[in-house]
Amino acid sequence: MHDNSFGRRGFLAGAAGIATLVGLTPAQAVPVADSVTKFGFPTGNRLRVLVTGDAGTGTRTQWAVADAMRAFHRREPVSLALGLGDNIYEAGPSSGTDRQFADKFENPNAGLDFPWLMVLGNHDTSSVLPGDGGWLLRGNHEVEYHANSPRWWMPSRYYSVRVPEHNPVVEFFVLDLNPLAAYIPPVFSPYWAVDGQFMNEQRAWFDQAVAASTATWKIACTHHPYLSNGPHGDAGNYEGLPIEPINGIHVKRFIEDHVAGTCQFLLSGHDHALQVLEPTIASKGTRQIVSGAAAKVVGAEDARHRAGNTALFENYHQLGFMVLDLTPTAVDLRVFTVDVADAVPTEVFARRLA
């Protein structure tokens, strides 16, 4: 086990000493280009975080949500953002310099000038069919892009970020569970197997990292949810299918064995909805939040809900995003919906969660 806190010269240009990135690097992290200065992480103990997911379409809907986030940022400055996967629809990038990064991330998010912690999703790692998650190596291109963008943070396929570095208020643990949930299981590559090198190293890294964390708030970030009342459903019953492993049974086991009870919150996308769910006995107090409506919503034909998880709030037909305000003593969540016609953020839910 080794700690990859990245100290290479220039790697944290503009942000050195502010945030420490740790984690194994199965897709080797690359030094930031000399021409790129990363946006810095906050140094104070009050943080405002945009929570978005499933945004990367490059379409009018993504732009509308981004316009609404810009309007919010002008009123209430944001510290950083989370992109909870499906960053490049429909099948991910073809290189670390793919034009899609500009069309589906940089241009829509212009003016949102702070770090974006990015999570790999199934559409970022597709092969034959969009979203099949069958070309896991494709995700490495999104790691490569970390070197080329002031905003995009993905130094490895999984990693953590402590903010601020000293006496952290929060530590975000970004996980890559795509090998556990691919619709085309990686049967021909032992490296990506459920008990293969990649997942075993990630399990060991996470267990050590979360146990060592001194942050007040510990937040796990995945693309695939543990719980969801949307069409994809709960892990272990994805799509209502009884077929292992594509029903997400290994995601369920990973969360229950490693994340449940160790983090206060689990943030995910995948379902194009806005959900604030109550903890369950199996989640051991960890609260599941789903924010996957930054460019798409659940269509009328897919509006069936597969699970009956108790929800503080849920919305399946409107675009939107969430905002987390974090201090050493409290976590406040707000949910905003967005009308494409006017791109105005409308607050529809607010609650102190901790």
# chains A, B, ... in the order shown; residues from 1 in each chain; ligands from 1
>>> residues_around(residues="Ser291 of chain A", least_positions_apart="5", cutoff="6 Å", atoms="only C-alpha atoms", output="list of chain:residue names")
A:Thr52, A:Gly53, A:Gly269, A:Leu274
>>> closest_atom_pairs(of="segment 188-271 of chain A", to="segment 323-330 of chain A", cutoff="10 Å", atoms="only C-alpha atoms", output="JSON lines")
{"residue": "A:Ala215", "atom": "CA", "partner": "A:Pro328", "partner_atom": "CA", "distance": 9.0}
{"residue": "A:Thr216", "atom": "CA", "partner": "A:Pro328", "partner_atom": "CA", "distance": 6.3}
{"residue": "A:Trp217", "atom": "CA", "partner": "A:Pro328", "partner_atom": "CA", "distance": 8.0}
>>> closest_atom_pairs(of="segment 205-322 of chain A", to="segment 62-72 of chain A", cutoff="8 Å", atoms="only C-alpha atoms", output="JSON lines")
{"residue": "A:Ala294", "atom": "CA", "partner": "A:Val65", "partner_atom": "CA", "distance": 6.0}
{"residue": "A:Ala295", "atom": "CA", "partner": "A:Gln62", "partner_atom": "CA", "distance": 4.4}
{"residue": "A:Lys296", "atom": "CA", "partner": "A:Gln62", "partner_atom": "CA", "distance": 7.9}
{"residue": "A:Leu319", "atom": "CA", "partner": "A:Val65", "partner_atom": "CA", "distance": 7.1}
{"residue": "A:Gly320", "atom": "CA", "partner": "A:Val65", "partner_atom": "CA", "distance": 6.4}
{"residue": "A:Phe321", "atom": "CA", "partner": "A:Val65", "partner_atom": "CA", "distance": 7.6}
>>> write_last_selection(atoms="N, CA, C and O atoms", output="CSV table (one decimal), in the first residue's frame")
chain,number,residue,atom,x,y,z
A,294,ALA,N,-28.7,16.8,-14.7
A,294,ALA,CA,-28.0,18.0,-15.2
A,294,ALA,C,-28.2,18.1,-16.7
A,294,ALA,O,-27.7,19.2,-17.2
A,295,ALA,N,-28.7,17.2,-17.4
A,295,ALA,CA,-29.0,17.3,-18.8
A,295,ALA,C,-30.1,16.5,-19.3
A,295,ALA,O,-30.7,16.7,-20.4
A,296,LYS,N,-30.5,15.4,-18.6
A,296,LYS,CA,-31.6,14.5,-19.0
A,296,LYS,C,-32.5,14.3,-17.8
A,296,LYS,O,-32.1,14.4,-16.6
A,319,LEU,N,-35.2,19.0,-14.9
A,319,LEU,CA,-33.8,19.1,-14.8
A,319,LEU,C,-33.4,19.8,-13.5
A,319,LEU,O,-34.2,20.5,-12.9
A,320,GLY,N,-32.1,19.7,-13.1
A,320,GLY,CA,-31.7,20.4,-11.9
A,320,GLY,C,-30.4,20.0,-11.3
A,320,GLY,O,-29.6,19.1,-11.9
A,321,PHE,N,-30.0,20.5,-10.2
A,321,PHE,CA,-28.8,20.3,-9.5
A,321,PHE,C,-29.0,20.5,-8.0
A,321,PHE,O,-30.0,20.9,-7.6
>>> closest_residue(among="A:Gly44, A:Gly139, A:Gly236, A:Pro155", to="His224 of chain A", atoms="only C-alpha atoms")
A:Gly236
>>> select_by_dssp(residues="segment 154-202 of chain A", states="strand (DSSP E)", output="PyMOL selection string")
chain A and resi 159-163+170-174
>>> write_last_selection(atoms="all heavy atoms", output="short mmCIF file (atom, residue, chain, number, x, y, z; two decimals), in the first residue's frame")
data_model
loop_
_atom_site.label_atom_id
_atom_site.label_comp_id
_atom_site.auth_asym_id
_atom_site.auth_seq_id
_atom_site.Cartn_x
_atom_site.Cartn_y
_atom_site.Cartn_z
N TYR A 159 -9.83 8.27 -6.33
CA TYR A 159 -8.93 9.17 -5.62
C TYR A 159 -9.72 9.82 -4.49
O TYR A 159 -10.94 9.66 -4.38
CB TYR A 159 -8.39 10.25 -6.56
CG TYR A 159 -9.44 11.11 -7.22
CD1 TYR A 159 -9.82 12.33 -6.68
CD2 TYR A 159 -10.08 10.69 -8.40
CE1 TYR A 159 -10.79 13.11 -7.27
CE2 TYR A 159 -11.05 11.47 -9.01
CZ TYR A 159 -11.40 12.68 -8.44
OH TYR A 159 -12.38 13.46 -9.03
N SER A 160 -9.03 10.56 -3.63
CA SER A 160 -9.72 11.35 -2.62
C SER A 160 -9.14 12.74 -2.59
O SER A 160 -8.00 12.98 -2.98
CB SER A 160 -9.64 10.69 -1.24
OG SER A 160 -8.37 10.86 -0.65
N VAL A 161 -9.95 13.68 -2.11
CA VAL A 161 -9.55 15.07 -1.98
C VAL A 161 -9.98 15.56 -0.60
O VAL A 161 -11.15 15.43 -0.23
CB VAL A 161 -10.20 15.95 -3.07
CG1 VAL A 161 -9.84 17.42 -2.85
CG2 VAL A 161 -9.77 15.52 -4.46
N ARG A 162 -9.02 16.12 0.15
CA ARG A 162 -9.29 16.71 1.45
C ARG A 162 -9.34 18.22 1.31
O ARG A 162 -8.42 18.83 0.76
CB ARG A 162 -8.20 16.32 2.45
CG ARG A 162 -8.11 14.84 2.72
CD ARG A 162 -7.12 14.52 3.83
NE ARG A 162 -5.73 14.69 3.41
CZ ARG A 162 -4.97 13.71 2.94
NH1 ARG A 162 -5.48 12.49 2.80
NH2 ARG A 162 -3.73 13.93 2.60
N VAL A 163 -10.41 18.83 1.83
CA VAL A 163 -10.56 20.27 1.73
C VAL A 163 -11.01 20.84 3.07
O VAL A 163 -12.05 20.43 3.59
CB VAL A 163 -11.60 20.64 0.64
CG1 VAL A 163 -11.63 22.15 0.44
CG2 VAL A 163 -11.30 19.96 -0.69
N VAL A 170 -14.02 18.36 4.97
CA VAL A 170 -14.59 17.25 4.21
C VAL A 170 -13.49 16.51 3.46
O VAL A 170 -12.48 17.11 3.07
CB VAL A 170 -15.66 17.78 3.22
CG1 VAL A 170 -15.04 18.73 2.21
CG2 VAL A 170 -16.40 16.64 2.53
N GLU A 171 -13.69 15.23 3.30
CA GLU A 171 -12.88 14.46 2.36
C GLU A 171 -13.84 13.74 1.42
O GLU A 171 -14.76 13.05 1.85
CB GLU A 171 -11.98 13.46 3.06
CG GLU A 171 -11.05 12.73 2.09
CD GLU A 171 -9.84 12.08 2.74
OE1 GLU A 171 -9.69 12.18 3.99
OE2 GLU A 171 -9.02 11.48 2.01
N PHE A 172 -13.63 13.98 0.12
CA PHE A 172 -14.41 13.31 -0.92
C PHE A 172 -13.65 12.08 -1.39
O PHE A 172 -12.47 12.18 -1.75
CB PHE A 172 -14.63 14.25 -2.11
CG PHE A 172 -15.45 15.47 -1.77
CD1 PHE A 172 -14.82 16.69 -1.51
CD2 PHE A 172 -16.83 15.42 -1.73
CE1 PHE A 172 -15.56 17.82 -1.21
CE2 PHE A 172 -17.58 16.54 -1.43
CZ PHE A 172 -16.94 17.75 -1.16
N PHE A 173 -14.33 10.95 -1.42
CA PHE A 173 -13.74 9.70 -1.90
C PHE A 173 -14.44 9.35 -3.22
O PHE A 173 -15.59 8.92 -3.22
CB PHE A 173 -13.94 8.59 -0.87
CG PHE A 173 -13.30 8.87 0.45
CD1 PHE A 173 -14.01 9.53 1.45
CD2 PHE A 173 -11.99 8.49 0.71
CE1 PHE A 173 -13.42 9.80 2.68
CE2 PHE A 173 -11.39 8.77 1.93
CZ PHE A 173 -12.11 9.42 2.92
N VAL A 174 -13.74 9.56 -4.31
CA VAL A 174 -14.29 9.30 -5.64
C VAL A 174 -13.95 7.87 -6.03
O VAL A 174 -12.77 7.49 -6.09
CB VAL A 174 -13.73 10.30 -6.66
CG1 VAL A 174 -14.19 9.95 -8.07
CG2 VAL A 174 -14.16 11.72 -6.29
#
>>> residues_around(residues="Gln100 of chain A", least_positions_apart="5", cutoff="8 Å", atoms="only C-alpha atoms", output="PyMOL selection string")
chain A and resi 88+93+105
>>> residues_around(residues="Leu84 of chain A", least_positions_apart="6", cutoff="7 Å", atoms="only C-alpha atoms", output="list in words")
Thr52, Gly53, Asp54, Met118, Val119, Cys221, Thr222, His223, Ser268 and Gly269 of chain A
>>> residues_around(residues="Phe349 of chain A", least_positions_apart="6", cutoff="8 Å", atoms="only C-alpha atoms", output="PyMOL selection string")
chain A and resi 313+333-336
>>> write_last_selection(atoms="C-alpha atoms", output="compact mmCIF listing (two decimals), in the first residue's frame")
# COMPACT_ATOMS: atom_id res chain seq x y z
CA PHE A 313 -37.42 14.61 -1.65
CA LEU A 333 -28.58 20.63 1.24
CA ARG A 334 -30.61 22.54 -1.31
CA VAL A 335 -32.18 21.19 -4.49
CA PHE A 336 -32.81 23.40 -7.51
>>> residues_around(residues="Gly133 of chain A", least_positions_apart="6", cutoff="8 Å", atoms="only C-alpha atoms", output="list in words")
Gly121, Asn122, His123, Asp124, Thr125, Ser126, Ser127, Asn178, Pro179, Ala181, Ala182, Tyr183 and Ile184 of chain A
>>> residues_around(residues="Arg287 of chain A", least_positions_apart="2", cutoff="9 Å", atoms="only C-alpha atoms", output="ChimeraX atom specification")
/A:260,263-267,276-280,283-285,289
>>> closest_residue(among="A:Met322, A:Thr310, A:Gly233, A:Phe101", to="Pro345 of chain A", atoms="only C-alpha atoms")
A:Met322
>>> closest_residue(among="A:His258, A:Val32, A:Gln288, A:Ala204", to="Leu227 of chain A", atoms="only C-alpha atoms")
A:Gln288
